[in-house]
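Chemist: Pasting a structure below so you can have a look.
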Amino acid sequence: MSLFSKVAKKVTDVATFIEEHASASTLKYMAGNDVTHRLYFPVHIDETGKPIPYVFEAPIHTWGSNKNNYGSCMCTKGIDDGDKFDGSCPVCDRLEDASAIVDYLKAEVDAACTLTGDDRTKYLDEQGKKIWGDRKVSAARSKYYVALAMLNCGKDGRTLADDDKPKFTIKIAAWTENSMMKILTALTERDEEPNIGGLEFKLKYGSQPELASRVGQVAVTWVDKEKMLVKPGTPLAAEIAAALENFDFEHSIQLCRRETAEKTPAELQRQMDKLFQAWDTYKAELAVNPNAKYLECAGTAVITEKAAPPSGAPAGALISGPQAGTLGGEVRSGINP
Ligand SMILES: [Zn+2]
């Protein structure tokens, strides 16, 4: 059997394949930059005949640093199908190790810091937060997957744009609990039920360079029912309803949000073992050599004798470097070979 026949997957439906790959990027809702998004949350009828918005909540683990998300997956804890899923979650199982690495790195920064007094406290506090933010894995947190119609409005989100582009695009947002709360708070502040279904919102994004800041500081306002562009009975409302007639919400989420791809505990175990390989090696060495060192993240703390200190950090302080090793297994042992 040739290698090709072993590795290649047959694409039986080319049309669907192309369409799905093209739609994955269109489907993904992304925060804006110096713009107001006008979003309408469509509804579908559930088993009890009630109109409800398209929202799924799932527990998601992420790993890698704040700036570089190396990976993410769904938490498999408690999912037991008697087959591939046995109720375990290898990511949850590594939370303690991730915290232990944080403690180790903080102790290193502390020992190497030559500052005194308030400077020292402030510096160690900042570095501690950074190390914590860059920890290898984090506890699963709720992500809310929400289907919405993003209206093609002008920059201020007031009226529909007068161009040839479609009047709306169906998107899938993946929001944290914080983002979700912001939207619901915009409703409850106006004494409305905290139900986004069939309602319209404006999300005003600033022009901060960091995406996280733009998301964190987005201003959410609820559009008065009278002023909605997608008022019930309008052609636009009918067009959106028609676009969602054969909408497969679950499949759409999986198309554009890679963390929702199915990973079994066995696969996650392999990934975690690789991610924590250097730590495991260090711990094994520590058992026989009390002077063993964990060097994988040594780049996290670099004494800046020659390099210019980062803004605000006093000379002689430690700066943060890229998290070494996380990208693919640079393993150095703390003892001489
Ligand atoms: Zn988990």
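Residues in the structure tokens are named by chain (A, B, ... in the order shown) and by number from 1 within that chain; ligands are numbered from 1 in the order shown.
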Show me, as JSON lines, the residues of chain A having an atom within 12 Å of ligand 1, each with the closest atom pair and its distance in Å, using only C-alpha atoms and all ligand atoms.

Modeler:
```
{"residue": "A:Ala58", "atom": "CA", "partner": "ligand 1", "partner_atom_place_in_ligand_line": "1 (Zn)", "distance": 11.2}
{"residue": "A:Pro59", "atom": "CA", "partner": "ligand 1", "partner_atom_place_in_ligand_line": "1 (Zn)", "distance": 7.8}
{"residue": "A:Ile60", "atom": "CA", "partner": "ligand 1", "partner_atom_place_in_ligand_line": "1 (Zn)", "distance": 7.7}
{"residue": "A:His61", "atom": "CA", "partner": "ligand 1", "partner_atom_place_in_ligand_line": "1 (Zn)", "distance": 6.6}
{"residue": "A:Thr62", "atom": "CA", "partner": "ligand 1", "partner_atom_place_in_ligand_line": "1 (Zn)", "distance": 9.9}
{"residue": "A:Trp63", "atom": "CA", "partner": "ligand 1", "partner_atom_place_in_ligand_line": "1 (Zn)", "distance": 11.7}
{"residue": "A:Ser72", "atom": "CA", "partner": "ligand 1", "partner_atom_place_in_ligand_line": "1 (Zn)", "distance": 10.7}
{"residue": "A:Cys73", "atom": "CA", "partner": "ligand 1", "partner_atom_place_in_ligand_line": "1 (Zn)", "distance": 8.7}
{"residue": "A:Met74", "atom": "CA", "partner": "ligand 1", "partner_atom_place_in_ligand_line": "1 (Zn)", "distance": 7.2}
{"residue": "A:Cys75", "atom": "CA", "partner": "ligand 1", "partner_atom_place_in_ligand_line": "1 (Zn)", "distance": 3.7}
{"residue": "A:Thr76", "atom": "CA", "partner": "ligand 1", "partner_atom_place_in_ligand_line": "1 (Zn)", "distance": 5.5}
{"residue": "A:Lys77", "atom": "CA", "partner": "ligand 1", "partner_atom_place_in_ligand_line": "1 (Zn)", "distance": 5.2}
{"residue": "A:Gly78", "atom": "CA", "partner": "ligand 1", "partner_atom_place_in_ligand_line": "1 (Zn)", "distance": 8.8}
{"residue": "A:Ile79", "atom": "CA", "partner": "ligand 1", "partner_atom_place_in_ligand_line": "1 (Zn)", "distance": 10.1}
{"residue": "A:Gly87", "atom": "CA", "partner": "ligand 1", "partner_atom_place_in_ligand_line": "1 (Zn)", "distance": 9.7}
{"residue": "A:Ser88", "atom": "CA", "partner": "ligand 1", "partner_atom_place_in_ligand_line": "1 (Zn)", "distance": 7.7}
{"residue": "A:Cys89", "atom": "CA", "partner": "ligand 1", "partner_atom_place_in_ligand_line": "1 (Zn)", "distance": 4.6}
{"residue": "A:Pro90", "atom": "CA", "partner": "ligand 1", "partner_atom_place_in_ligand_line": "1 (Zn)", "distance": 6.7}
{"residue": "A:Val91", "atom": "CA", "partner": "ligand 1", "partner_atom_place_in_ligand_line": "1 (Zn)", "distance": 5.1}
{"residue": "A:Cys92", "atom": "CA", "partner": "ligand 1", "partner_atom_place_in_ligand_line": "1 (Zn)", "distance": 4.0}
{"residue": "A:Asp93", "atom": "CA", "partner": "ligand 1", "partner_atom_place_in_ligand_line": "1 (Zn)", "distance": 7.4}
{"residue": "A:Arg94", "atom": "CA", "partner": "ligand 1", "partner_atom_place_in_ligand_line": "1 (Zn)", "distance": 9.0}
{"residue": "A:Leu95", "atom": "CA", "partner": "ligand 1", "partner_atom_place_in_ligand_line": "1 (Zn)", "distance": 8.8}
{"residue": "A:Val137", "atom": "CA", "partner": "ligand 1", "partner_atom_place_in_ligand_line": "1 (Zn)", "distance": 9.8}
{"residue": "A:Ser138", "atom": "CA", "partner": "ligand 1", "partner_atom_place_in_ligand_line": "1 (Zn)", "distance": 9.0}
{"residue": "A:Ala139", "atom": "CA", "partner": "ligand 1", "partner_atom_place_in_ligand_line": "1 (Zn)", "distance": 6.8}
{"residue": "A:Ala140", "atom": "CA", "partner": "ligand 1", "partner_atom_place_in_ligand_line": "1 (Zn)", "distance": 5.7}
{"residue": "A:Arg141", "atom": "CA", "partner": "ligand 1", "partner_atom_place_in_ligand_line": "1 (Zn)", "distance": 9.3}
{"residue": "A:Ser142", "atom": "CA", "partner": "ligand 1", "partner_atom_place_in_ligand_line": "1 (Zn)", "distance": 11.4}
{"residue": "A:Lys263", "atom": "CA", "partner": "ligand 1", "partner_atom_place_in_ligand_line": "1 (Zn)", "distance": 11.6}
{"residue": "A:Thr264", "atom": "CA", "partner": "ligand 1", "partner_atom_place_in_ligand_line": "1 (Zn)", "distance": 11.4}
{"residue": "A:Pro265", "atom": "CA", "partner": "ligand 1", "partner_atom_place_in_ligand_line": "1 (Zn)", "distance": 9.5}
{"residue": "A:Leu268", "atom": "CA", "partner": "ligand 1", "partner_atom_place_in_ligand_line": "1 (Zn)", "distance": 9.9}
{"residue": "A:Gln269", "atom": "CA", "partner": "ligand 1", "partner_atom_place_in_ligand_line": "1 (Zn)", "distance": 11.3}
{"residue": "A:Met272", "atom": "CA", "partner": "ligand 1", "partner_atom_place_in_ligand_line": "1 (Zn)", "distance": 11.6}
```

Chemist: For the residues in that selection, give me N, CA and C atoms as a short mmCIF file (atom, residue, chain, number, x, y, z; two decimals), in the first residue's frame.

Modeler:
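Result file is part.cif:
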```cif
data_model
loop_
_atom_site.label_atom_id
_atom_site.label_comp_id
_atom_site.auth_asym_id
_atom_site.auth_seq_id
_atom_site.Cartn_x
_atom_site.Cartn_y
_atom_site.Cartn_z
N ALA A 58 -20.28 25.67 26.05
CA ALA A 58 -19.40 24.51 26.16
C ALA A 58 -18.19 24.86 27.02
N PRO A 59 -17.71 23.87 27.82
CA PRO A 59 -16.50 24.12 28.64
C PRO A 59 -15.24 23.94 27.78
N ILE A 60 -14.44 24.99 27.68
CA ILE A 60 -13.27 24.98 26.78
C ILE A 60 -11.97 25.21 27.56
N HIS A 61 -10.99 24.37 27.30
CA HIS A 61 -9.63 24.57 27.83
C HIS A 61 -8.81 25.29 26.78
N THR A 62 -7.90 26.14 27.22
CA THR A 62 -6.94 26.71 26.27
C THR A 62 -5.55 26.52 26.84
N TRP A 63 -4.57 26.49 25.98
CA TRP A 63 -3.20 26.46 26.47
C TRP A 63 -2.32 27.27 25.53
N SER A 72 -6.54 24.57 22.01
CA SER A 72 -7.75 24.65 22.82
C SER A 72 -8.60 23.43 22.50
N CYS A 73 -9.40 23.03 23.45
CA CYS A 73 -10.24 21.86 23.22
C CYS A 73 -11.40 21.89 24.21
N MET A 74 -12.35 21.00 23.97
CA MET A 74 -13.46 20.89 24.90
C MET A 74 -13.03 20.01 26.08
N CYS A 75 -13.50 20.34 27.26
CA CYS A 75 -13.20 19.54 28.45
C CYS A 75 -14.01 18.25 28.36
N THR A 76 -13.34 17.12 28.58
CA THR A 76 -14.03 15.83 28.46
C THR A 76 -14.37 15.23 29.82
N LYS A 77 -14.16 16.01 30.88
CA LYS A 77 -14.42 15.49 32.24
C LYS A 77 -15.91 15.14 32.38
N GLY A 78 -16.15 13.94 32.86
CA GLY A 78 -17.53 13.53 33.11
C GLY A 78 -18.24 12.98 31.89
N ILE A 79 -17.60 13.01 30.73
CA ILE A 79 -18.22 12.46 29.53
C ILE A 79 -17.79 11.00 29.40
N GLY A 87 -14.80 9.56 30.92
CA GLY A 87 -15.06 10.48 32.02
C GLY A 87 -13.84 11.27 32.46
N SER A 88 -12.67 10.93 31.92
CA SER A 88 -11.46 11.65 32.33
C SER A 88 -11.20 12.84 31.41
N CYS A 89 -10.39 13.78 31.89
CA CYS A 89 -9.95 14.89 31.05
C CYS A 89 -8.45 15.11 31.32
N PRO A 90 -7.61 14.71 30.37
CA PRO A 90 -6.16 14.84 30.55
C PRO A 90 -5.71 16.29 30.74
N VAL A 91 -6.50 17.26 30.26
CA VAL A 91 -6.12 18.67 30.45
C VAL A 91 -6.37 19.06 31.90
N CYS A 92 -7.56 18.71 32.42
CA CYS A 92 -7.85 18.96 33.84
C CYS A 92 -6.77 18.31 34.71
N ASP A 93 -6.34 17.10 34.32
CA ASP A 93 -5.34 16.37 35.11
C ASP A 93 -4.00 17.09 35.17
N ARG A 94 -3.77 18.03 34.25
CA ARG A 94 -2.48 18.74 34.22
C ARG A 94 -2.55 20.14 34.86
N LEU A 95 -3.71 20.49 35.39
CA LEU A 95 -3.85 21.83 35.98
C LEU A 95 -2.87 22.04 37.14
N VAL A 137 -1.65 25.27 30.84
CA VAL A 137 -3.07 25.00 30.57
C VAL A 137 -3.91 25.73 31.61
N SER A 138 -5.13 26.02 31.26
CA SER A 138 -6.01 26.69 32.22
C SER A 138 -7.28 25.86 32.38
N ALA A 139 -7.94 26.10 33.51
CA ALA A 139 -9.18 25.37 33.79
C ALA A 139 -10.20 25.66 32.69
N ALA A 140 -11.07 24.71 32.46
CA ALA A 140 -12.08 24.90 31.41
C ALA A 140 -12.99 26.07 31.77
N ARG A 141 -13.26 26.90 30.78
CA ARG A 141 -14.17 28.02 31.01
C ARG A 141 -15.29 27.97 29.99
N SER A 142 -16.44 28.48 30.39
CA SER A 142 -17.58 28.46 29.48
C SER A 142 -17.34 29.35 28.28
N LYS A 263 -11.99 15.71 20.26
CA LYS A 263 -10.72 15.10 20.66
C LYS A 263 -11.00 14.17 21.82
N THR A 264 -10.53 12.95 21.70
CA THR A 264 -10.78 11.97 22.76
C THR A 264 -9.73 12.13 23.86
N PRO A 265 -10.02 11.61 25.06
CA PRO A 265 -9.01 11.67 26.12
C PRO A 265 -7.67 11.09 25.68
N LEU A 268 -5.92 13.75 23.70
CA LEU A 268 -5.52 14.85 24.58
C LEU A 268 -4.36 14.44 25.48
N GLN A 269 -4.38 13.16 25.89
CA GLN A 269 -3.30 12.65 26.73
C GLN A 269 -1.96 12.78 26.01
N MET A 272 -0.96 16.47 25.90
CA MET A 272 -0.53 16.98 27.20
C MET A 272 0.84 16.41 27.58
#
```

Chemist: Residues of region 133-334 of chain A classed as strand (DSSP E or B) by DSSP on the backbone are to be reported as a PyMOL selection string.

Modeler: chain A and resi 137+141-151+153+160+168-176+200-205+219-222+302-303+318-319

Chemist: Could those selected residues go to a file with C-alpha atoms, as a CSV table (one decimal), in the first residue's frame?

Modeler:
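As a result, out_4.csv now contains:
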```csv
chain,number,residue,atom,x,y,z
A,137,VAL,CA,-3.1,25.0,30.6
A,141,ARG,CA,-14.2,28.0,31.0
A,142,SER,CA,-17.6,28.5,29.5
A,143,LYS,CA,-17.6,29.6,25.9
A,144,TYR,CA,-20.9,30.7,24.4
A,145,TYR,CA,-21.4,30.0,20.7
A,146,VAL,CA,-24.0,32.3,19.3
A,147,ALA,CA,-25.4,32.5,15.8
A,148,LEU,CA,-26.2,36.1,14.7
A,149,ALA,CA,-26.9,38.1,11.7
A,150,MET,CA,-24.3,40.8,11.2
A,151,LEU,CA,-26.0,43.7,9.4
A,153,CYS,CA,-24.3,48.9,8.2
A,160,LEU,CA,-27.9,49.7,6.3
A,168,PHE,CA,-26.5,40.7,6.4
A,169,THR,CA,-24.1,37.8,7.0
A,170,ILE,CA,-24.8,34.9,9.3
A,171,LYS,CA,-22.0,34.6,11.8
A,172,ILE,CA,-21.0,32.4,14.8
A,173,ALA,CA,-19.6,34.3,17.8
A,174,ALA,CA,-17.6,32.5,20.5
A,175,TRP,CA,-18.0,34.6,23.6
A,176,THR,CA,-16.7,34.3,27.1
A,200,GLU,CA,-30.8,43.9,17.9
A,201,PHE,CA,-27.7,45.2,19.5
A,202,LYS,CA,-24.9,47.7,18.7
A,203,LEU,CA,-21.4,46.8,19.7
A,204,LYS,CA,-19.0,49.7,19.5
A,205,TYR,CA,-15.4,48.7,19.3
A,219,ALA,CA,-19.7,49.3,24.5
A,220,VAL,CA,-22.9,47.3,24.1
A,221,THR,CA,-26.3,49.0,23.6
A,222,TRP,CA,-29.6,47.5,22.9
A,302,VAL,CA,16.1,36.9,31.3
A,303,ILE,CA,18.4,39.2,33.2
A,318,LEU,CA,13.9,40.7,34.6
A,319,ILE,CA,12.1,40.8,31.3
```

Chemist: Pick the closest to Lys28 (chain A) from A:Asp97, A:Val55, A:Glu193, A:Cys256: which is it, counting only C-alpha atoms?

Modeler: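 Ranked by minimum distance to Lys28 (chain A), first place goes to A:Cys256.
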
Chemist: Determine the nearest neighbour of Gly133 (chain A) from the options A:Ala98, A:Gly49, A:Val109, A:Phe85, counting only C-alpha atoms.

Modeler: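 Ranked by minimum distance to Gly133 (chain A), first place goes to A:Ala98.
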